[in-house]
Amino acid sequence: KINNGKMRTKALLTVAAALTAGLLTAQAQVYSVNIVGYVNVTLEEGNNLISNPLINGGNTLDEVLPAGSVPGDTTVSKWDFGSQGFAQADTYFDGARWLDGDFNPSATTVGPGEGFFINIPAGSGQTVVTLVGDVVPEGEVTSNIQGPGFGMYANPIPAATGFNENGFPVTVNDATYQTFDAAGNSYTQADTYFEGAGWLDGDFNAVNPTPGVGQGFLLFNPGAEAVWTQDFDPNAGQ
C-alpha cells in the first residue's frame with residue numbers, strides 16, 4: 001500500500017495561467033506561453049527515488065537542478081533498461097556543475113515519466129529542491145513502459161492518480177510496483193498484479209498504486225512494451 005505518512009518525497013504542484021505570468025522561485029523568475037509551475041520535493045540524506053514532472057528546456061541536470069540547489073557531491077543515477085542496471089552516475093560539484101563519471105559536462109536528462117535516484121551526502125540534512133518548468137501540454141499525454149524487465153518510471157502528468165483510474169497499461173500477471181523508503185534506505189513491499197483480481201499488496205489486499213507528484217517508482221513488467229496514454233486537463237484538477 002502507499003502510505004502517505006511514510007512517503008519521504010513530498011510534492012506540491014502549483015500552476016498559473018501563462019497570460020497572468022511567471023512564477024518566482026528562489027532560483028529564478030520563469031515566464032512561459034504555457035502553463036508553468038513548480039514542485040517542491042523534500043530529499044532525505046542518502047538515496048531518494050524521485051521524478052521531474054515538468055519541462056525545463058532540455059531537462060538536463062544543469063537546468064532541472066541548477067547550481068546551489070543541492071549539496072556538493074550529490075549524485076544522480078538513472079536506470080538503463082537495456083543492461084538492466086544503473087548507468088554511470090553524474091555528480092554535482094560546488095563551484096562547477098553536473099559532471100559525468102569522466103568529469104565531462106553531464107548530458108543526462110531527467111524529464112516527465114522518468115524515475116531516477118538522487119543521493120544526498122551524509123551530513124547534509126534534509127534538502128528541499130524546487131523543480132520549475134512547463135506543465136505537459138493539455139490533451140493526450142503518452143509515455144512508454146518498456147518490457148520485459150525492470151524499469152524506473154513516474155507519472156508524466158503532475159497529478160497523484162491511481163493506476164486503476166489513469167489507464168496504466170501494464171496489467172499482466174506478476175507485474176510488480178514499488179516505491180522507495182528513503183528513511184529505511186529500502187524499497188517498499190511490492191504490489192503485484194493478478195489477472196482477474198487486479199493489484200494486490202503482500203497480504204493480498206486490493207490496492208491502487210498511486211505514485212505521488214515528484215515520486216519515481218520501480219516497475220517489473222513481465223510482458224511486452226506498452227504505451228501509457230492519459231488525457232490531461234489542468235482545469236479539471238488533474
# chains A, B, ... in the order shown; residues from 1 in each chain; ligands from 1

$ residues_around --residues "Ala122 (chain A)" --least-positions-apart "6" --cutoff "10 Å" --atoms "only C-alpha atoms" --output "PyMOL selection string"
chain A and resi 44-46+73-74

$ write_last_selection --atoms "C-alpha atoms" --output "CSV table (one decimal), in the first residue's frame"
chain,number,residue,atom,x,y,z
A,44,GLU,CA,16.5,12.8,2.8
A,45,GLU,CA,20.2,12.1,3.3
A,46,GLY,CA,21.0,9.1,1.2
A,73,ASP,CA,28.8,15.6,-4.1
A,74,THR,CA,25.1,14.9,-4.7

$ select_by_dssp --residues "region 40-206 of chain A" --states "strand (DSSP E)" --output "number ranges by chain"
A: 40-43, 46-51, 75-77, 79-80, 85-86, 90-92, 98-99, 115-120, 127-134, 139-145, 149-153, 176-178, 180-181, 186-187, 191-194, 198-200

$ residues_around --residues "Gln189 (chain A)" --least-positions-apart "2" --cutoff "8 Å" --atoms "only C-alpha atoms" --output "PyMOL selection string"
chain A and resi 1+178+187+191+201-202

$ closest_atom_pairs --of "region 62-141 of chain A" --to "region 153-164 of chain A" --cutoff "6 Å" --atoms "only C-alpha atoms" --output "JSON lines"
{"residue": "A:Pro112", "atom": "CA", "partner": "A:Pro156", "partner_atom": "CA", "distance": 4.4}
{"residue": "A:Gly113", "atom": "CA", "partner": "A:Pro156", "partner_atom": "CA", "distance": 4.0}
{"residue": "A:Glu114", "atom": "CA", "partner": "A:Tyr153", "partner_atom": "CA", "distance": 4.4}
{"residue": "A:Gly115", "atom": "CA", "partner": "A:Tyr153", "partner_atom": "CA", "distance": 4.3}

$ atom_distance --atom1 "CA of Thr171 (chain A)" --atom2 "CA of Phe194 (chain A)"
7.9 Å

$ residues_around --residues "Thr192 (chain A)" --least-positions-apart "6" --cutoff "9 Å" --atoms "only C-alpha atoms" --output "PyMOL selection string"
chain A and resi 173-177+198-202+204

$ select_by_dssp --residues "region 59-93 of chain A" --states "helix (DSSP H, G or I)" --output "number ranges by chain"
A: 61-64

$ closest_residue --among "A:Leu131, A:Leu99, A:Met152, A:Ala224" --to "Asn52 (chain A)" --atoms "only C-alpha atoms"
A:Leu131

$ residues_around --residues "Ser186 (chain A)" --least-positions-apart "3" --cutoff "12 Å" --atoms "only C-alpha atoms" --output "list of chain:residue names"
A:Arg8, A:Gly46, A:Asn47, A:Asn48, A:Leu49, A:Gln178, A:Thr179, A:Phe180, A:Asp181, A:Ala182, A:Ala183, A:Gln189, A:Ala190, A:Leu218
